[in-house]
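Enquirer: Handing over upload_25.cif, mmCIF, C-alpha atoms.
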data_run
loop_
_atom_site.group_PDB
_atom_site.id
_atom_site.type_symbol
_atom_site.label_atom_id
_atom_site.label_comp_id
_atom_site.auth_asym_id
_atom_site.auth_seq_id
_atom_site.Cartn_x
_atom_site.Cartn_y
_atom_site.Cartn_z
ATOM 1 C CA MET J 27 11.241 -9.635 7.924
ATOM 2 C CA SER J 28 13.623 -8.353 5.326
ATOM 3 C CA ARG J 29 15.725 -5.205 5.179
ATOM 4 C CA TRP J 30 14.987 -2.738 2.383
ATOM 5 C CA ASN J 31 16.889 0.290 1.094
ATOM 6 C CA CYS J 32 14.729 3.140 -0.160
ATOM 7 C CA TYR J 33 15.977 6.205 -1.991
ATOM 8 C CA ILE J 34 14.871 8.792 -4.541
ATOM 9 C CA LYS J 35 15.277 7.845 -8.219
ATOM 10 C CA PRO J 36 18.103 9.772 -9.862
ATOM 11 C CA GLY J 37 15.671 11.088 -12.507
ATOM 12 C CA ALA J 38 13.427 12.576 -9.823
ATOM 13 C CA MET J 39 16.205 14.013 -7.664
ATOM 14 C CA GLU J 40 15.931 17.605 -8.866
ATOM 15 C CA ASP J 41 12.202 17.799 -8.111
ATOM 16 C CA ALA J 42 12.641 15.893 -4.858
ATOM 17 C CA ARG J 43 15.376 18.254 -3.651
ATOM 18 C CA ALA J 44 13.169 21.234 -4.457
ATOM 19 C CA SER J 45 10.391 19.725 -2.339
ATOM 20 C CA LEU J 46 12.191 17.770 0.383
ATOM 21 C CA GLY J 47 15.530 19.548 0.591
ATOM 22 C CA GLU J 48 18.380 17.465 2.002
ATOM 23 C CA LEU J 49 16.004 14.590 2.865
ATOM 24 C CA ALA J 50 15.912 13.778 -0.854
ATOM 25 C CA GLY J 51 19.520 12.615 -0.758
ATOM 26 C CA GLU J 52 19.088 10.167 2.095
ATOM 27 C CA THR J 53 18.841 6.406 1.799
ATOM 28 C CA PHE J 54 16.390 4.910 4.263
ATOM 29 C CA THR J 55 16.854 1.332 5.453
ATOM 30 C CA VAL J 56 13.763 -0.282 6.944
ATOM 31 C CA GLU J 57 12.614 -3.701 8.134
ATOM 32 C CA ALA J 58 9.486 -4.862 6.328
ATOM 33 C CA GLU J 59 7.763 -7.964 4.978
ATOM 34 C CA ASP J 60 7.602 -6.635 1.415
ATOM 35 C CA GLN J 61 8.076 -3.563 -0.788
ATOM 36 C CA ILE J 62 4.617 -2.205 -0.004
ATOM 37 C CA GLN J 63 5.264 -2.274 3.725
ATOM 38 C CA ALA J 64 8.749 -0.804 3.162
ATOM 39 C CA LEU J 65 7.222 2.101 1.240
ATOM 40 C CA ALA J 66 4.764 2.730 4.072
ATOM 41 C CA GLU J 67 7.612 2.668 6.619
ATOM 42 C CA VAL J 68 9.667 5.184 4.636
ATOM 43 C CA LYS J 69 6.661 7.456 4.156
ATOM 44 C CA GLY J 70 6.165 7.332 7.929
ATOM 45 C CA GLN J 71 9.790 8.256 8.584
ATOM 46 C CA LEU J 72 9.632 11.103 6.084
ATOM 47 C CA SER J 73 6.388 12.441 7.543
ATOM 48 C CA GLU J 74 8.053 12.643 10.969
ATOM 49 C CA ARG J 75 10.674 14.975 9.495
ATOM 50 C CA TYR J 76 8.759 16.810 6.747
ATOM 51 C CA ASN J 77 5.238 18.202 6.345
ATOM 52 C CA MET J 78 3.965 15.760 3.731
ATOM 53 C CA SER J 79 0.665 17.617 3.320
ATOM 54 C CA THR J 80 2.443 19.935 0.871
ATOM 55 C CA LEU J 81 3.049 17.063 -1.584
ATOM 56 C CA PRO J 82 0.556 15.068 -3.674
ATOM 57 C CA ALA J 83 -0.243 11.811 -1.882
ATOM 58 C CA ASP J 84 1.223 9.492 -4.525
ATOM 59 C CA LEU J 85 4.314 11.518 -5.402
ATOM 60 C CA LEU J 86 6.647 9.458 -3.206
ATOM 61 C CA ASP J 87 5.343 6.316 -4.898
ATOM 62 C CA ASP J 88 6.739 7.696 -8.156
ATOM 63 C CA TRP J 89 9.985 9.027 -6.682
ATOM 64 C CA LEU J 90 11.145 6.147 -4.477
ATOM 65 C CA VAL J 91 13.160 3.087 -5.443
ATOM 66 C CA ILE J 92 12.843 0.203 -2.998
ATOM 67 C CA GLN J 93 15.377 -2.612 -3.159
ATOM 68 C CA PRO J 94 16.390 -5.444 -0.850
ATOM 69 C CA ALA J 95 19.305 -4.330 1.335
ATOM 70 C CA PRO J 96 22.512 -6.319 0.934
ATOM 71 C CA ARG J 97 22.930 -9.039 3.530
ATOM 72 C CA ARG J 98 25.466 -8.355 6.222
#
Go through the file and emit its structure as structure tokens.

Expert:
Amino acid sequence: MSRWNCYIKPGAMEDARASLGELAGETFTVEAEDQIQALAEVKGQLSERYNMSTLPADLLDDWLVIQPAPRR
């Protein structure tokens, strides 16, 4: 598995802050096989801390940037 960093795109930050509050500014680091699994992991973490039913289902797909985390 690889480590992935996931965060909100700078261009979407204003909308994300309005919807997610302080969660929008966080960077999430997850272990996943690929970007698709990393996105699912981050969505799961966000849904534990925020009621995602108030957002369109694919909105996070548009907002999130997922990149390999630097190696330690």

Enquirer: List the neighbours of J:Ala66 out to 12 Å using all atoms listed in the file; skip same-chain residues closer than 6 positions along the sequence, and give me the result as a PyMOL selection string.

Expert: chain J and resi 30+32+54+56-60+72-73+83-84+86-87+90+92

Enquirer: Ranking J:Val68, J:Leu81, J:Ile62, J:Val91 by minimum distance to J:Asp41 and counting all atoms listed in the file, which one comes first?

Expert: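 Between J:Val68, J:Leu81, J:Ile62, J:Val91, the residue approaching J:Asp41 most closely is J:Leu81.
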
Enquirer: Closest to J:Arg75 among J:Met39, J:Ala95, J:Met27, J:Leu49, using only C-alpha atoms?

Expert: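 Of the candidates, the smallest distance to J:Arg75 is held by J:Leu49.
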
Enquirer: May I ask which of the residues J:Gln71, J:Ala38, J:Ser79, J:Gln63 is the closest one to J:Ala50, counting all atoms listed in the file?

Expert: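 Of J:Gln71, J:Ala38, J:Ser79, J:Gln63, the one nearest J:Ala50 is J:Ala38, counting all atoms listed in the file.
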
Enquirer: Atom CA of J:Trp89 to atom CA of J:Arg43: how many Å, to one decimal?

Expert: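 If I compute the distance from atom CA of J:Trp89 to atom CA of J:Arg43, I get 11.1 Å.
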